[in-house]
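Participant: Structure supplied as work.cif; contents: mmCIF, C-alpha atoms.
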```cif
data_target
loop_
_atom_site.label_atom_id
_atom_site.label_comp_id
_atom_site.auth_asym_id
_atom_site.auth_seq_id
_atom_site.Cartn_x
_atom_site.Cartn_y
_atom_site.Cartn_z
CA MET A 305 24.33 9.33 -7.03
CA ASN A 306 23.63 11.60 -4.06
CA VAL A 307 20.01 11.34 -2.89
CA SER A 308 18.53 13.29 0.00
CA THR A 309 15.60 12.34 2.20
CA ASN A 310 14.29 15.81 1.33
CA ASP A 311 13.53 14.36 -2.11
CA ILE A 312 11.03 11.94 -0.52
CA PHE A 313 7.37 12.71 0.18
CA THR A 314 5.79 10.26 2.63
CA VAL A 315 2.08 9.35 2.75
CA ILE A 316 0.40 7.54 5.65
CA THR A 317 -3.24 6.52 5.28
CA LEU A 318 -5.22 6.25 8.51
CA TYR A 319 -8.51 4.60 9.35
CA ASN A 320 -9.95 4.60 12.88
CA VAL A 321 -6.61 5.16 14.58
CA CYS A 322 -4.92 8.27 15.95
CA LEU A 323 -1.74 9.30 14.22
CA GLU A 324 0.30 9.04 17.42
CA GLN A 325 -0.96 5.47 17.88
CA SER A 326 -0.10 4.41 14.35
CA VAL A 327 2.72 1.85 14.33
CA ALA A 328 3.94 3.24 11.02
CA TYR A 329 4.10 6.83 12.22
CA LYS A 330 5.88 5.94 15.45
CA SER A 331 8.42 3.69 13.78
CA LEU A 332 9.15 6.10 10.91
CA THR A 333 9.65 8.94 13.40
CA VAL A 334 12.21 6.81 15.21
CA SER A 335 13.83 6.14 11.85
CA LEU A 336 14.15 9.86 11.12
CA LYS A 337 15.72 10.42 14.53
CA GLU A 338 18.19 7.63 13.83
CA HIS A 339 18.92 8.87 10.31
CA PHE A 340 19.61 12.45 11.40
CA GLN A 341 21.05 11.40 14.77
CA GLY A 342 18.65 13.76 16.49
CA ASN A 343 19.81 16.85 14.56
CA ILE A 344 17.41 17.24 11.67
CA ALA A 345 18.21 20.19 9.41
CA LYS A 346 14.82 20.31 7.67
CA LYS A 347 11.49 18.75 8.55
CA GLN A 348 10.40 15.95 6.25
CA SER A 349 7.18 16.18 4.24
CA LEU A 350 4.34 13.93 5.41
CA LEU A 351 0.76 13.68 4.21
CA VAL A 352 -1.59 12.13 6.76
CA TYR A 353 -4.71 11.12 4.85
CA ASP A 354 -7.32 10.28 7.47
CA ASN A 355 -10.29 8.20 6.29
CA SER A 356 -11.80 8.04 9.78
CA LYS A 357 -15.26 9.35 10.59
CA TYR A 358 -14.07 12.04 12.98
CA ILE A 359 -11.34 14.62 12.57
CA GLN A 360 -8.40 14.33 14.95
CA PRO A 361 -6.01 16.94 16.35
CA ILE A 362 -2.48 16.68 15.01
CA SER A 363 0.40 17.66 17.26
CA GLU A 364 3.36 19.57 15.85
CA SER A 365 6.42 17.43 15.24
CA CYS A 366 10.12 18.23 15.38
CA TYR A 367 10.75 15.88 12.47
CA TRP A 368 7.71 16.18 10.22
CA ASN A 369 6.05 18.92 8.23
CA ILE A 370 2.60 17.34 8.49
CA ILE A 371 -0.20 18.01 6.02
CA TYR A 372 -3.43 16.61 7.45
CA VAL A 373 -6.37 15.74 5.18
CA HIS A 374 -9.57 14.44 6.75
CA ASP A 375 -11.90 12.56 4.40
CA PRO A 376 -14.82 10.89 6.24
CA SER A 377 -16.14 9.54 2.93
CA ASN A 378 -13.42 6.88 3.34
CA PRO A 379 -12.30 6.62 -0.31
CA GLY A 380 -9.53 4.17 0.62
CA VAL A 381 -5.81 4.24 -0.10
CA SER A 382 -5.75 4.99 -3.84
CA LYS A 383 -7.06 8.53 -3.51
CA ALA A 384 -4.64 9.16 -0.65
CA TYR A 385 -1.67 8.09 -2.80
CA ASN A 386 -2.79 10.20 -5.75
CA THR A 387 -3.34 13.20 -3.50
CA GLY A 388 0.12 12.72 -2.02
CA ALA A 389 1.69 12.50 -5.46
CA GLY A 390 0.10 15.78 -6.46
CA MET A 391 1.38 17.50 -3.32
CA ALA A 392 4.82 15.97 -3.81
CA LEU A 393 5.04 17.40 -7.32
CA SER A 394 4.03 20.84 -6.10
CA GLN A 395 6.91 20.62 -3.60
CA LYS A 396 9.27 19.45 -6.36
CA LYS A 397 9.92 16.10 -4.70
CA LYS A 398 11.28 13.16 -6.69
CA TRP A 399 10.04 10.16 -4.73
CA LEU A 400 6.80 9.02 -3.10
CA LEU A 401 6.90 6.70 -0.08
CA ILE A 402 3.49 5.14 0.67
CA VAL A 403 2.82 3.58 4.03
CA ASP A 404 0.08 1.54 5.69
CA GLN A 405 -0.77 2.50 9.28
CA ASP A 406 -0.06 -1.05 10.53
CA SER A 407 3.46 -1.46 9.10
CA ASP A 408 6.30 -1.45 11.63
CA PHE A 409 9.50 -0.08 10.09
CA PRO A 410 13.01 -0.55 11.52
CA ALA A 411 15.12 2.37 12.70
CA SER A 412 17.32 2.00 9.62
CA THR A 413 14.46 2.70 7.18
CA TYR A 414 15.30 6.16 5.85
CA THR A 415 19.02 5.44 5.78
CA THR A 416 18.39 2.23 3.82
CA ILE A 417 16.03 3.95 1.39
CA GLN A 418 18.49 6.78 0.78
CA THR A 419 21.35 4.32 0.23
CA SER A 420 19.25 2.14 -2.10
CA LEU A 421 18.16 5.07 -4.24
CA GLY A 422 21.77 6.15 -4.58
CA ASN A 423 23.04 2.66 -5.41
CA TYR A 424 20.46 2.05 -8.15
CA PRO A 425 20.03 5.38 -9.96
CA ASN A 426 18.30 3.80 -12.96
CA ILE A 427 15.61 1.97 -10.96
CA LYS A 428 12.29 3.68 -10.31
CA LEU A 429 10.59 1.33 -7.86
CA PHE A 430 11.85 0.11 -4.47
CA ALA A 431 10.18 -2.16 -1.92
CA PRO A 432 10.98 -3.47 1.56
CA ILE A 433 10.44 -7.06 2.66
CA LEU A 434 7.20 -7.22 4.63
CA LYS A 435 6.62 -10.05 7.08
CA SER A 436 3.61 -11.10 9.11
CA SER A 437 2.96 -13.99 11.47
CA ASN A 438 2.20 -16.06 8.34
CA GLY A 439 5.56 -15.39 6.71
CA ILE A 440 6.64 -13.10 3.87
CA ILE A 441 3.76 -11.14 2.35
CA SER A 442 5.73 -8.78 0.13
CA PRO A 443 7.17 -9.02 -2.39
CA CYS A 444 5.00 -11.98 -3.29
CA ILE A 445 4.82 -14.39 -6.19
CA TYR A 446 1.93 -13.03 -8.26
CA LYS A 447 -0.05 -15.67 -10.16
CA PHE A 448 -3.70 -16.09 -11.04
CA LYS A 449 -4.52 -12.59 -9.79
CA ARG A 450 -3.35 -13.28 -6.25
CA GLY A 451 -0.16 -13.21 -4.25
CA PHE A 452 1.62 -16.30 -2.93
CA ALA A 453 4.20 -16.08 -0.17
CA PRO A 454 7.75 -17.02 -1.22
CA LYS A 455 9.65 -19.31 1.13
CA SER A 456 12.58 -16.90 1.07
CA ILE A 457 13.65 -13.80 -0.78
CA GLN A 458 16.90 -11.92 -1.25
CA PRO A 459 17.47 -8.17 -1.60
CA GLY A 460 18.56 -6.86 -4.98
CA VAL A 461 17.20 -6.17 -8.46
CA VAL A 462 14.38 -8.58 -9.39
CA SER A 463 11.88 -8.94 -12.20
CA LEU A 464 8.40 -7.48 -11.83
CA HIS A 465 7.22 -10.51 -13.81
CA LYS A 466 8.46 -12.81 -11.04
CA TYR A 467 7.64 -10.85 -7.89
CA SER A 468 5.06 -8.21 -7.08
CA PRO A 469 5.26 -5.84 -4.09
CA VAL A 470 2.23 -4.67 -2.13
CA ASN A 471 1.54 -1.04 -1.31
CA SER A 472 3.05 -0.45 2.10
CA GLY A 473 6.67 0.67 2.01
CA LEU A 474 6.82 1.25 -1.74
CA THR A 475 9.13 4.06 -2.78
CA ILE A 476 8.11 5.18 -6.27
CA ALA A 477 9.73 7.68 -8.62
CA LEU A 478 7.17 10.41 -9.20
CA ASP A 479 7.84 10.50 -12.93
CA LEU A 480 6.94 6.78 -13.12
CA PHE A 481 3.87 7.36 -10.94
CA ASN A 482 2.63 9.99 -13.37
CA GLU A 483 3.48 7.95 -16.46
CA VAL A 484 1.04 5.25 -15.32
CA SER A 485 -1.54 7.84 -14.16
CA GLY A 486 -1.21 6.82 -10.52
CA TYR A 487 -3.64 4.56 -8.70
CA ASN A 488 -7.17 3.72 -9.83
CA GLU A 489 -9.29 5.55 -7.26
CA LYS A 490 -12.27 3.29 -7.95
CA ILE A 491 -10.24 0.42 -6.45
CA ARG A 492 -10.23 1.67 -2.90
CA LEU A 493 -8.19 -0.95 -1.04
CA ASP A 494 -7.94 -4.63 -1.99
CA PHE A 495 -6.34 -5.24 -5.41
CA SER A 496 -5.19 -1.60 -5.64
CA ASP A 497 -1.52 -2.62 -5.45
CA PHE A 498 -1.73 -5.43 -8.01
CA TYR A 499 -3.69 -3.22 -10.42
CA PHE A 500 -1.06 -0.48 -10.05
CA ILE A 501 1.85 -2.89 -10.51
CA ASP A 502 0.22 -4.36 -13.62
CA LYS A 503 0.29 -0.84 -15.12
CA VAL A 504 3.87 -0.27 -13.94
CA LYS A 505 4.99 -3.48 -15.71
CA GLU A 506 4.04 -1.87 -19.00
CA ASN A 507 6.76 0.76 -18.40
CA ILE A 508 9.51 -1.02 -16.47
CA ASP A 509 10.66 -4.62 -16.03
CA SER A 510 12.36 -4.66 -12.64
CA PHE A 511 12.46 -3.18 -9.16
CA VAL A 512 14.74 -3.29 -6.13
CA ILE A 513 14.02 -5.32 -3.03
CA MET A 514 15.75 -3.34 -0.31
CA ASN A 515 17.63 -4.86 2.59
CA LEU A 516 14.81 -3.63 4.79
CA TYR A 517 12.67 -5.99 6.84
CA CYS A 518 9.34 -4.75 8.22
CA GLU A 519 6.53 -6.28 10.24
CA HIS A 520 3.02 -5.88 8.88
CA SER A 521 -0.39 -6.71 10.32
CA LEU A 522 -2.92 -8.32 8.00
CA SER A 523 -6.51 -7.14 8.48
CA GLY A 524 -8.38 -8.99 5.75
CA GLU A 525 -8.03 -12.60 6.92
CA ASP A 526 -9.96 -12.36 10.18
CA MET A 527 -13.22 -10.97 8.88
CA ALA A 528 -16.20 -12.03 10.93
CA GLU A 529 -19.84 -11.03 11.02
CA SER A 530 -19.54 -7.44 12.27
CA ALA A 531 -20.86 -4.60 10.12
CA ALA A 532 -17.34 -3.24 9.65
CA ASN A 533 -16.07 -6.56 8.31
CA VAL A 534 -19.09 -7.01 6.06
CA ASN A 535 -18.29 -3.61 4.57
CA ARG A 536 -14.66 -4.63 4.20
CA PHE A 537 -15.66 -7.71 2.20
CA ARG A 538 -17.89 -5.52 0.04
CA THR A 539 -14.84 -3.37 -0.71
CA TYR A 540 -12.88 -6.54 -1.50
CA CYS A 541 -15.48 -7.67 -4.05
CA GLN A 542 -15.62 -4.22 -5.61
CA GLY A 543 -11.84 -4.19 -5.97
CA ALA A 544 -11.95 -7.62 -7.59
CA ARG A 545 -14.57 -6.79 -10.20
CA LEU A 546 -12.87 -3.48 -11.08
CA SER A 547 -9.67 -5.46 -11.73
CA VAL A 548 -11.33 -7.51 -14.47
CA ASN A 549 -9.89 -6.77 -17.92
CA SER A 550 -10.48 -10.06 -19.70
CA TYR A 551 -12.48 -13.29 -19.57
CA GLN A 552 -9.51 -14.95 -17.89
CA ASP A 553 -9.45 -12.23 -15.22
CA TYR A 554 -13.16 -12.65 -14.67
CA PHE A 555 -13.05 -16.40 -14.01
CA THR A 556 -9.83 -16.25 -11.97
CA LEU A 557 -11.18 -13.51 -9.69
CA PHE A 558 -14.58 -15.23 -9.61
CA ILE A 559 -12.96 -18.28 -8.01
CA ILE A 560 -10.76 -16.26 -5.63
CA THR A 561 -13.64 -14.10 -4.43
CA LEU A 562 -16.11 -16.98 -4.18
CA LEU A 563 -13.67 -19.00 -2.05
CA ARG A 564 -13.26 -16.08 0.33
CA ALA A 565 -17.04 -15.62 0.50
CA CYS A 566 -17.48 -19.32 1.34
CA LYS A 567 -14.77 -19.18 4.00
CA LEU A 568 -16.38 -16.15 5.66
CA THR A 569 -19.84 -17.68 5.40
CA LEU A 570 -18.70 -20.84 7.18
CA LYS A 571 -16.86 -18.84 9.82
CA SER A 572 -19.74 -16.46 10.56
CA ARG A 573 -22.57 -18.90 9.78
CA ASN A 574 -24.23 -16.11 7.86
CA ILE A 575 -24.95 -16.03 4.12
CA VAL A 576 -24.46 -12.25 3.95
CA PHE A 577 -20.99 -12.72 2.43
CA LEU A 578 -22.35 -14.90 -0.39
CA LEU A 579 -25.05 -12.31 -1.06
CA ILE A 580 -22.42 -9.56 -1.25
CA PHE A 581 -20.37 -11.69 -3.63
CA PHE A 582 -23.37 -12.17 -5.89
CA LYS A 583 -24.38 -8.50 -5.82
CA CYS A 584 -20.97 -6.81 -5.91
CA TYR A 585 -19.00 -9.18 -8.13
CA ILE A 586 -21.37 -11.15 -10.37
CA LEU A 587 -24.02 -8.52 -11.02
CA ARG A 588 -21.66 -5.56 -11.30
CA THR A 589 -18.71 -6.91 -13.24
CA ARG A 590 -18.16 -4.40 -16.02
CA ALA A 591 -17.80 -5.28 -19.69
CA PHE A 592 -14.31 -6.11 -20.88
#
```
What is this file in structure tokens?
Facilitator:
Amino acid sequence: MNVSTNDIFTVITLYNVCLEQSVAYKSLTVSLKEHFQGNIAKKQSLLVYDNSKYIQPISESCYWNIIYVHDPSNPGVSKAYNTGAGMALSQKKKWLLIVDQDSDFPASTYTTIQTSLGNYPNIKLFAPILKSSNGIISPCIYKFKRGFAPKSIQPGVVSLHKYSPVNSGLTIALDLFNEVSGYNEKIRLDFSDFYFIDKVKENIDSFVIMNLYCEHSLSGEDMAESAANVNRFRTYCQGARLSVNSYQDYFTLFIITLLRACKLTLKSRNIVFLLIFFKCYILRTRAF
């Protein structure tokens, strides 16, 4: 099956970083140069969804047709992905590639994606292997509403009931994206990927792990006492309680979120994280 990179619509979500300083943007631009060997016939479609407080100037690119959306309300990644999907459909694209600003992609990325899509014409979801300093973070072993790092993982077709990919680097067929009604925009950041994949599993059983290894920076583990990190934990708790669909979900996420609140409280020596947990998870958990 012949697949073109022109069938792919890429979305990068930014927060408090300039586009030109984004590791993802820089590495994907290098990948396009490598893929087209410097002679691109048509600029590739890119939505830059900027959640930062201030608007930023966007320079013209030889490789990208950039659509810039500035949203200082900071709705998170889910709205950015849904917005990108809508734009991709209007441009008659077939695939959506979603990218975190901190993911570092190899030069072979677009070539590998194009080859993978062609080799597996009946698969609608593709994911790279994301690594951090702590090991493999995606795809992960998804149990008890959280991801566990596998010791090793091999490219190929795998079950969605065994492994679950996170957001960054996902290449999703737009027809599948629409079948599951996209991302839940109320879940702004944390848990958005697992909630989305849970919906996807109702439609398909497997996905492809591509022979594509990327480096990814984790931002949620080093929360301290600053106002920004307090707000980040509030978003985490909100994502957790919006992911509750059963009594089992409630108690599983209760434990996960409480443990993180305790860890942050001990680290910062401030009970603000426990107060946020009580207010944003316990008091606001919706009926199920």
Participant: For a test of reading the model, state the distance in Å between CA of Thr561 (chain A) and CA of Arg492 (chain A), rounded to one decimal.
Facilitator: 16.2 Å
Participant: Sorted by chain and rising residue number, list the residues of region 450-531 of chain A at most 10 Å from region 314-323 of chain A (counting all atoms listed in the file), each with its closest atom pair and distance in Å to one decimal, as a Markdown table.
Facilitator:
```
| residue | atom | partner | partner_atom | distance |
| --- | --- | --- | --- | --- |
| A:Ser472 | CA | A:Ile316 | CA | 9.1 |
| A:Gly473 | CA | A:Thr314 | CA | 9.7 |
| A:Thr475 | CA | A:Thr314 | CA | 8.9 |
```
Participant: Which neighbours of region 330-340 of chain A fall inside 6 Å, counting only C-alpha atoms, when residues of the same chain fewer than 6 positions from it are skipped, and could you give them as a count of residues only?
Facilitator: 6
Participant: Please evaluate the PyMOL selection byres ((chain A and resi 497-513) around 6) against the displayed coordinates and give the resulting residues as a PyMOL selection string.
Facilitator: chain A and resi 429-432+459-464+470-471+487+495-496+514
Participant: Using only C-alpha atoms, can you tell me which of A:Phe555, A:Phe537, A:Tyr517, A:Phe313 comes closest to Thr416 (chain A)?
Facilitator: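 Smallest distance to Thr416 (chain A) is found for A:Tyr517.
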Participant: Taking all atoms listed in the file into account, name the residue in A:Ala328, A:Ile440, A:Val534, A:Leu421 that is nearest to Ile476 (chain A).
Facilitator: A:Leu421
Participant: Between CA of Gln348 (chain A) and CA of Leu493 (chain A), measure the distance and give it in Å to one decimal.
Facilitator: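 That distance, rounded to one decimal, is 26.2 Å.
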Participant: Find the distance between CA of Asn438 (chain A) and CA of Ala453 (chain A) and write it in Å to one decimal.
Facilitator: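 Value for the CA of Asn438 (chain A)-CA of Ala453 (chain A) distance: 8.7 Å.
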Participant: What does the PyMOL selection byres ((chain A and resi 581) around 9) select in this file, as a list in words?
Facilitator: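 Listing what the PyMOL selection byres ((chain A and resi 581) around 9) selects in the shown file: Phe537, Arg538, Cys541, Thr561, Leu562, Ala565, Val576, Phe577, Leu578, Leu579, Ile580, Phe582, Lys583, Cys584, Tyr585, Ile586 and Leu587 of chain A.
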Participant: Which residue is closest to Lys435 (chain A)? Choose from A:Ile559, A:Asn378, A:Ser407, A:Lys571 and count all atoms listed in the file.
Facilitator: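 Once distances to Lys435 (chain A) are computed over all atoms listed in the file, the minimum belongs to A:Ser407.
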